[in-house]
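Asker: Sending over work03.cif (mmCIF, C-alpha atoms).
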```
data_target
#
loop_
_atom_site.group_PDB
_atom_site.id
_atom_site.type_symbol
_atom_site.label_atom_id
_atom_site.label_comp_id
_atom_site.auth_asym_id
_atom_site.auth_seq_id
_atom_site.Cartn_x
_atom_site.Cartn_y
_atom_site.Cartn_z
ATOM 1 C CA MET A 896 0.000 0.000 0.000
ATOM 2 C CA ARG A 897 1.084 3.552 -0.657
ATOM 3 C CA SER A 898 -0.084 4.594 2.805
ATOM 4 C CA LEU A 899 0.984 3.025 6.075
ATOM 5 C CA LYS A 900 -2.379 3.847 7.636
ATOM 6 C CA PRO A 901 -4.203 0.795 8.955
ATOM 7 C CA ILE A 902 -6.630 -1.300 6.951
ATOM 8 C CA LEU A 903 -9.993 -1.784 8.638
ATOM 9 C CA LEU A 904 -11.412 -5.274 8.158
ATOM 10 C CA ILE A 905 -15.112 -5.638 8.934
ATOM 11 C CA GLU A 906 -15.585 -9.401 9.123
ATOM 12 C CA ASP A 907 -17.628 -11.483 11.541
ATOM 13 C CA ASP A 908 -16.143 -14.859 10.554
ATOM 14 C CA THR A 909 -12.960 -15.611 12.523
ATOM 15 C CA VAL A 910 -11.593 -18.055 9.931
ATOM 16 C CA ASP A 911 -12.081 -15.530 7.110
ATOM 17 C CA ALA A 912 -10.403 -12.823 9.198
ATOM 18 C CA MET A 913 -7.452 -15.150 9.893
ATOM 19 C CA THR A 914 -7.230 -15.906 6.149
ATOM 20 C CA VAL A 915 -6.991 -12.182 5.345
ATOM 21 C CA LYS A 916 -4.303 -11.712 8.002
ATOM 22 C CA ARG A 917 -2.336 -14.739 6.753
ATOM 23 C CA ALA A 918 -2.531 -13.543 3.128
ATOM 24 C CA PHE A 919 -1.345 -10.057 4.124
ATOM 25 C CA ASN A 920 1.555 -11.623 6.047
ATOM 26 C CA ASP A 921 2.452 -13.816 3.054
ATOM 27 C CA LEU A 922 2.361 -10.741 0.801
ATOM 28 C CA HIS A 923 4.365 -8.613 3.264
ATOM 29 C CA VAL A 924 1.630 -5.991 3.510
ATOM 30 C CA MET A 925 3.009 -3.597 6.111
ATOM 31 C CA ASN A 926 -0.279 -1.956 7.103
ATOM 32 C CA THR A 927 -1.754 -2.850 10.465
ATOM 33 C CA LEU A 928 -4.949 -4.872 10.027
ATOM 34 C CA ILE A 929 -7.665 -3.791 12.444
ATOM 35 C CA ARG A 930 -10.650 -6.117 12.687
ATOM 36 C CA VAL A 931 -14.163 -5.429 13.873
ATOM 37 C CA VAL A 932 -17.008 -7.928 13.572
ATOM 38 C CA ASN A 933 -19.935 -5.803 12.362
ATOM 39 C CA GLY A 934 -20.942 -2.451 10.932
ATOM 40 C CA GLU A 935 -21.839 -0.958 14.310
ATOM 41 C CA GLN A 936 -18.357 -1.643 15.698
ATOM 42 C CA ALA A 937 -16.843 -0.253 12.500
ATOM 43 C CA LEU A 938 -18.772 3.009 12.856
ATOM 44 C CA GLU A 939 -17.674 3.274 16.497
ATOM 45 C CA TYR A 940 -14.059 2.763 15.424
ATOM 46 C CA LEU A 941 -14.264 5.285 12.567
ATOM 47 C CA ARG A 942 -16.001 7.961 14.635
ATOM 48 C CA ASP A 943 -13.510 7.744 17.521
ATOM 49 C CA SER A 944 -10.934 10.480 16.878
ATOM 50 C CA ALA A 945 -8.397 8.580 19.013
ATOM 51 C CA ASN A 946 -8.261 5.850 16.329
ATOM 52 C CA ALA A 947 -6.112 6.094 13.223
ATOM 53 C CA GLU A 948 -8.134 6.611 10.060
ATOM 54 C CA PRO A 949 -7.801 3.593 7.758
ATOM 55 C CA CYS A 950 -6.460 3.960 4.225
ATOM 56 C CA VAL A 951 -9.115 1.494 3.057
ATOM 57 C CA VAL A 952 -11.922 -0.610 4.514
ATOM 58 C CA LEU A 953 -12.455 -4.272 3.596
ATOM 59 C CA LEU A 954 -16.130 -5.020 4.162
ATOM 60 C CA ASP A 955 -18.011 -8.298 4.427
ATOM 61 C CA LEU A 956 -21.689 -8.081 3.497
ATOM 62 C CA ASN A 957 -23.411 -10.714 5.611
ATOM 63 C CA MET A 958 -22.922 -9.774 9.253
ATOM 64 C CA PRO A 959 -25.045 -9.552 12.394
ATOM 65 C CA LYS A 960 -26.394 -6.276 13.831
ATOM 66 C CA MET A 961 -25.554 -4.120 10.800
ATOM 67 C CA ASN A 962 -24.806 -5.698 7.438
ATOM 68 C CA GLY A 963 -22.370 -4.369 4.865
ATOM 69 C CA VAL A 964 -24.885 -2.482 2.734
ATOM 70 C CA GLU A 965 -26.340 -0.727 5.782
ATOM 71 C CA PHE A 966 -22.803 0.242 6.806
ATOM 72 C CA LEU A 967 -22.025 1.565 3.315
ATOM 73 C CA LYS A 968 -25.157 3.726 3.255
ATOM 74 C CA ILE A 969 -24.271 5.335 6.590
ATOM 75 C CA VAL A 970 -20.579 5.864 5.830
ATOM 76 C CA LYS A 971 -21.143 7.333 2.381
ATOM 77 C CA ALA A 972 -23.740 9.760 3.785
ATOM 78 C CA ASP A 973 -21.293 10.979 6.462
ATOM 79 C CA GLY A 974 -19.257 13.983 5.307
ATOM 80 C CA LYS A 975 -16.257 13.001 7.452
ATOM 81 C CA LEU A 976 -16.180 9.333 6.434
ATOM 82 C CA ARG A 977 -17.399 9.208 2.838
ATOM 83 C CA ARG A 978 -13.959 9.618 1.252
ATOM 84 C CA ILE A 979 -12.558 6.510 2.927
ATOM 85 C CA PRO A 980 -12.532 3.840 0.216
ATOM 86 C CA VAL A 981 -14.626 0.775 1.037
ATOM 87 C CA VAL A 982 -13.982 -2.448 -0.846
ATOM 88 C CA VAL A 983 -16.483 -5.244 -0.417
ATOM 89 C CA LEU A 984 -14.920 -8.664 0.269
ATOM 90 C CA THR A 985 -17.686 -11.245 0.241
ATOM 91 C CA THR A 986 -18.800 -14.705 -0.816
ATOM 92 C CA SER A 987 -21.853 -13.237 -2.570
ATOM 93 C CA LYS A 988 -21.897 -13.455 -6.343
ATOM 94 C CA ALA A 989 -25.423 -12.039 -6.513
ATOM 95 C CA ASP A 990 -25.869 -9.251 -9.052
ATOM 96 C CA GLN A 991 -28.278 -7.509 -6.664
ATOM 97 C CA ASP A 992 -25.539 -7.264 -4.014
ATOM 98 C CA ARG A 993 -23.068 -5.847 -6.558
ATOM 99 C CA PHE A 994 -25.545 -3.264 -7.836
ATOM 100 C CA GLU A 995 -26.507 -2.237 -4.316
ATOM 101 C CA CYS A 996 -22.877 -1.884 -3.214
ATOM 102 C CA PHE A 997 -21.828 0.178 -6.218
ATOM 103 C CA ASN A 998 -24.972 2.305 -5.890
ATOM 104 C CA CYS A 999 -23.733 3.026 -2.356
ATOM 105 C CA SER A 1000 -20.318 4.111 -3.737
ATOM 106 C CA ALA A 1001 -18.276 1.006 -2.942
ATOM 107 C CA ALA A 1002 -14.746 1.397 -4.319
ATOM 108 C CA GLY A 1003 -14.657 -2.255 -5.361
ATOM 109 C CA TYR A 1004 -16.268 -5.662 -5.024
ATOM 110 C CA ILE A 1005 -14.188 -8.824 -4.568
ATOM 111 C CA VAL A 1006 -15.736 -12.281 -4.350
ATOM 112 C CA LYS A 1007 -13.674 -14.355 -1.914
ATOM 113 C CA PRO A 1008 -11.970 -17.189 -3.786
ATOM 114 C CA VAL A 1009 -12.557 -20.555 -2.129
ATOM 115 C CA ASP A 1010 -8.962 -21.800 -2.319
ATOM 116 C CA TYR A 1011 -6.154 -20.100 -0.436
ATOM 117 C CA LYS A 1012 -3.913 -19.646 -3.496
ATOM 118 C CA GLY A 1013 -6.714 -17.808 -5.298
ATOM 119 C CA PHE A 1014 -7.417 -15.730 -2.196
ATOM 120 C CA VAL A 1015 -3.773 -14.665 -1.905
ATOM 121 C CA GLU A 1016 -3.792 -13.669 -5.581
ATOM 122 C CA ALA A 1017 -6.940 -11.579 -5.042
ATOM 123 C CA MET A 1018 -5.298 -9.859 -2.064
ATOM 124 C CA ARG A 1019 -2.089 -9.330 -4.081
ATOM 125 C CA ILE A 1020 -4.077 -7.518 -6.773
ATOM 126 C CA PHE A 1021 -6.023 -5.566 -4.120
ATOM 127 C CA ASN A 1022 -2.724 -4.477 -2.531
ATOM 128 C CA LEU A 1023 -1.224 -3.540 -5.908
ATOM 129 C CA TYR A 1024 -4.266 -1.481 -6.873
ATOM 130 C CA TRP A 1025 -4.262 0.491 -3.615
ATOM 131 C CA THR A 1026 -0.489 0.937 -3.887
ATOM 132 C CA LEU A 1027 -0.909 2.550 -7.305
ATOM 133 C CA SER A 1028 -4.018 4.572 -6.442
ATOM 134 C CA GLU A 1029 -3.559 8.173 -5.417
ATOM 135 C CA LEU A 1030 -6.184 9.271 -2.951
ATOM 136 C CA PRO A 1031 -7.050 12.799 -1.855
ATOM 137 C CA ASP A 1032 -5.963 13.982 1.548
ATOM 138 C CA ASN A 1033 -8.976 13.322 3.778
ATOM 139 C CA ASN A 1034 -7.894 16.199 6.015
ATOM 140 C CA LEU A 1035 -9.021 18.659 3.359
ATOM 141 C CA ASP A 1036 -12.453 20.047 4.007
ATOM 142 C CA ASN A 1037 -14.762 20.498 1.015
ATOM 143 C CA LYS A 1038 -14.561 24.250 1.703
ATOM 144 C CA ASP A 1039 -10.806 24.123 1.095
ATOM 145 C CA VAL A 1040 -11.206 22.659 -2.359
ATOM 146 C CA GLU A 1041 -11.983 25.240 -5.004
ATOM 147 C CA ILE A 1042 -13.889 23.930 -7.974
ATOM 148 C CA GLU A 1043 -13.468 25.901 -11.152
ATOM 149 C CA ASN A 1044 -16.127 25.943 -13.851
ATOM 150 C CA VAL A 1045 -14.633 25.853 -17.301
ATOM 151 C CA VAL A 1046 -16.702 27.967 -19.632
ATOM 152 C CA THR A 1047 -16.517 27.006 -23.266
ATOM 153 C CA ASN A 1048 -18.845 27.220 -26.256
ATOM 154 C CA GLY A 1049 -21.952 25.134 -25.793
ATOM 155 C CA ILE A 1050 -21.383 24.392 -22.091
ATOM 156 C CA VAL A 1051 -23.710 25.501 -19.312
ATOM 157 C CA GLY A 1052 -22.655 28.929 -18.107
ATOM 158 C CA SER A 1053 -21.609 30.046 -21.548
ATOM 159 C CA ASP A 1054 -23.180 33.208 -22.957
ATOM 160 C CA ASN A 1055 -23.033 31.750 -26.479
#
```
Spit out the file's structure as structure tokens when you get a sec.

Answerer:
Amino acid sequence: MRSLKPILLIEDDTVDAMTVKRAFNDLHVMNTLIRVVNGEQALEYLRDSANAEPCVVLLDLNMPKMNGVEFLKIVKADGKLRRIPVVVLTTSKADQDRFECFNCSAAGYIVKPVDYKGFVEAMRIFNLYWTLSELPDNNLDNKDVEIENVVTNGIVGSDN
């Protein structure tokens, strides 16, 4: 990863969480992996200013208390949290789940491979993608970012 911020894993299944940790160790991912077991705990973690903000969230969909889609809807509606990339890591191949997650601004959707070798490869590609990706500084407030309107012929705002 480009950032050494932690990765937040939201996963209720202990074996799946151990598999993620083992794959990251095998791939020499240097980021700390922080695990919570449901969306409610994840929101508590993210809203606590004493906790380090994660560079990315890995999110399971099927969890108790608050499922992944519910979590996504809340996070993406929160002005302080919405820029944190959330990648879904799930066993669900259902088109409805994919549509719902991307409609809620998920940054990606990975179906967990069944075999460990395939899982490590998926995590290798995930790590490579987030190493290459350049994210905005989340410390910038929307007020600090000036958006310029380019006025050209035929574009809204043009007098022509």

Asker: A:Met896, A:Met1018, A:Ala945, A:Ala1001: which is nearest Val915 (chain A), counting all atoms listed in the file?

Answerer: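 Looking only at the distances to Val915 (chain A), the closest residue turns out to be A:Met1018.
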
Asker: Kindly give the distance, in Å, that separates CA of Ala989 (chain A) and CA of Leu922 (chain A), rounded to a single decimal.

Answerer: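 Atom-to-atom, CA of Ala989 (chain A) to CA of Leu922 (chain A), that is 28.8 Å.
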
Asker: What's the 12 Å shell around Arg993 (chain A), counting all atoms listed in the file, without same-chain residues fewer than 6 positions away, as a PyMOL selection string?

Answerer: chain A and resi 956+963-964+982-987+999-1006

Asker: Using only C-alpha atoms, which of A:Lys968, A:Leu1027, A:Ile929, A:Tyr1011 sits nearest Val910 (chain A)?

Answerer: A:Tyr1011

Asker: Quick one: distance from CA of Leu903 (chain A) to CA of Cys950 (chain A) in Å, one decimal?

Answerer: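 Separating CA of Leu903 (chain A) from CA of Cys950 (chain A) is a distance of 8.1 Å.
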
Asker: Which value, in Å to one decimal, gives the distance between CA of Lys975 (chain A) and CA of Val951 (chain A)?

Answerer: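 That distance, rounded to one decimal, is 14.2 Å.
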
Asker: Using the file's own x, y and z axes, so that the box edges lie along x, y and z, what centre and edge lengths in Å (one decimal) does a box around every listed atom of region 980-983 of chain A get when 3 Å is added on each side? Give it as JSON.

Answerer:
```
{"center_x": -14.5, "center_y": -0.7, "center_z": 0.1, "size_x": 10.0, "size_y": 15.1, "size_z": 7.9}
```

Asker: Considering only C-alpha atoms, can you say which of A:Lys971, A:Arg930, A:His923, A:Arg1019 comes closest to Leu954 (chain A)?

Answerer: A:Arg930

Asker: Just say which residues the PyMOL selection byres ((chain A and resi 911) around 12) picks in this file, as a tab-separated table (two decimals) with C-alpha atoms, keeping the file's coordinate frame.

Answerer:
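Generated output (result-v3.tsv):
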```tsv
chain	number	residue	atom	x	y	z
A	904	LEU	CA	-11.41	-5.27	8.16
A	905	ILE	CA	-15.11	-5.64	8.93
A	906	GLU	CA	-15.58	-9.40	9.12
A	907	ASP	CA	-17.63	-11.48	11.54
A	908	ASP	CA	-16.14	-14.86	10.55
A	909	THR	CA	-12.96	-15.61	12.52
A	910	VAL	CA	-11.59	-18.06	9.93
A	912	ALA	CA	-10.40	-12.82	9.20
A	913	MET	CA	-7.45	-15.15	9.89
A	914	THR	CA	-7.23	-15.91	6.15
A	915	VAL	CA	-6.99	-12.18	5.34
A	916	LYS	CA	-4.30	-11.71	8.00
A	917	ARG	CA	-2.34	-14.74	6.75
A	918	ALA	CA	-2.53	-13.54	3.13
A	930	ARG	CA	-10.65	-6.12	12.69
A	932	VAL	CA	-17.01	-7.93	13.57
A	953	LEU	CA	-12.46	-4.27	3.60
A	954	LEU	CA	-16.13	-5.02	4.16
A	955	ASP	CA	-18.01	-8.30	4.43
A	984	LEU	CA	-14.92	-8.66	0.27
A	985	THR	CA	-17.69	-11.24	0.24
A	986	THR	CA	-18.80	-14.70	-0.82
A	1007	LYS	CA	-13.67	-14.36	-1.91
A	1008	PRO	CA	-11.97	-17.19	-3.79
A	1009	VAL	CA	-12.56	-20.56	-2.13
A	1010	ASP	CA	-8.96	-21.80	-2.32
A	1011	TYR	CA	-6.15	-20.10	-0.44
A	1014	PHE	CA	-7.42	-15.73	-2.20
```

Asker: Considering only C-alpha atoms, state which residue in the set A:Asn998, A:Arg977, A:Lys900, A:Asp992 is at the smallest distance from Asn957 (chain A).

Answerer: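 Of all the options, A:Asp992 lies closest to Asn957 (chain A).
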
Asker: With distances taken over all atoms listed in the file, which residue among A:Asp921, A:Asp990, A:Glu995, A:Asp973 lies nearest Leu938 (chain A)?

Answerer: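 The closest residue to Leu938 (chain A) is A:Asp973.
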
Asker: Quick one: region 989-1003 of chain A with N, CA and C atoms, as an mmCIF file, in the coordinates of the input?

Answerer:
```cif
data_model
loop_
_atom_site.group_PDB
_atom_site.id
_atom_site.type_symbol
_atom_site.label_atom_id
_atom_site.label_comp_id
_atom_site.auth_asym_id
_atom_site.auth_seq_id
_atom_site.Cartn_x
_atom_site.Cartn_y
_atom_site.Cartn_z
ATOM 1 N N ALA A 989 -24.121 -12.527 -6.069
ATOM 2 C CA ALA A 989 -25.423 -12.039 -6.513
ATOM 3 C C ALA A 989 -25.306 -10.662 -7.169
ATOM 4 N N ASP A 990 -25.878 -10.539 -8.358
ATOM 5 C CA ASP A 990 -25.869 -9.251 -9.052
ATOM 6 C C ASP A 990 -26.514 -8.163 -8.206
ATOM 7 N N GLN A 991 -27.580 -8.502 -7.496
ATOM 8 C CA GLN A 991 -28.278 -7.509 -6.664
ATOM 9 C C GLN A 991 -27.334 -6.918 -5.612
ATOM 10 N N ASP A 992 -26.502 -7.762 -4.998
ATOM 11 C CA ASP A 992 -25.539 -7.264 -4.014
ATOM 12 C C ASP A 992 -24.533 -6.326 -4.672
ATOM 13 N N ARG A 993 -24.031 -6.700 -5.844
ATOM 14 C CA ARG A 993 -23.068 -5.847 -6.558
ATOM 15 C C ARG A 993 -23.678 -4.496 -6.887
ATOM 16 N N PHE A 994 -24.873 -4.516 -7.479
ATOM 17 C CA PHE A 994 -25.545 -3.264 -7.836
ATOM 18 C C PHE A 994 -25.747 -2.384 -6.608
ATOM 19 N N GLU A 995 -26.228 -2.999 -5.530
ATOM 20 C CA GLU A 995 -26.507 -2.237 -4.316
ATOM 21 C C GLU A 995 -25.226 -1.612 -3.748
ATOM 22 N N CYS A 996 -24.146 -2.397 -3.749
ATOM 23 C CA CYS A 996 -22.877 -1.884 -3.214
ATOM 24 C C CYS A 996 -22.327 -0.744 -4.061
ATOM 25 N N PHE A 997 -22.348 -0.898 -5.374
ATOM 26 C CA PHE A 997 -21.828 0.178 -6.218
ATOM 27 C C PHE A 997 -22.753 1.386 -6.201
ATOM 28 N N ASN A 998 -24.047 1.182 -6.047
ATOM 29 C CA ASN A 998 -24.972 2.305 -5.890
ATOM 30 C C ASN A 998 -24.698 3.068 -4.600
ATOM 31 N N CYS A 999 -24.103 2.392 -3.632
ATOM 32 C CA CYS A 999 -23.733 3.026 -2.356
ATOM 33 C C CYS A 999 -22.278 3.487 -2.365
ATOM 34 N N SER A 1000 -21.680 3.585 -3.545
ATOM 35 C CA SER A 1000 -20.318 4.111 -3.737
ATOM 36 C C SER A 1000 -19.204 3.220 -3.205
ATOM 37 N N ALA A 1001 -19.385 1.903 -3.274
ATOM 38 C CA ALA A 1001 -18.276 1.006 -2.942
ATOM 39 C C ALA A 1001 -17.144 1.254 -3.938
ATOM 40 N N ALA A 1002 -15.915 1.192 -3.461
ATOM 41 C CA ALA A 1002 -14.746 1.397 -4.319
ATOM 42 C C ALA A 1002 -14.379 0.133 -5.087
ATOM 43 N N GLY A 1003 -14.937 -0.997 -4.687
ATOM 44 C CA GLY A 1003 -14.657 -2.255 -5.361
ATOM 45 C C GLY A 1003 -15.471 -3.377 -4.759
#
```
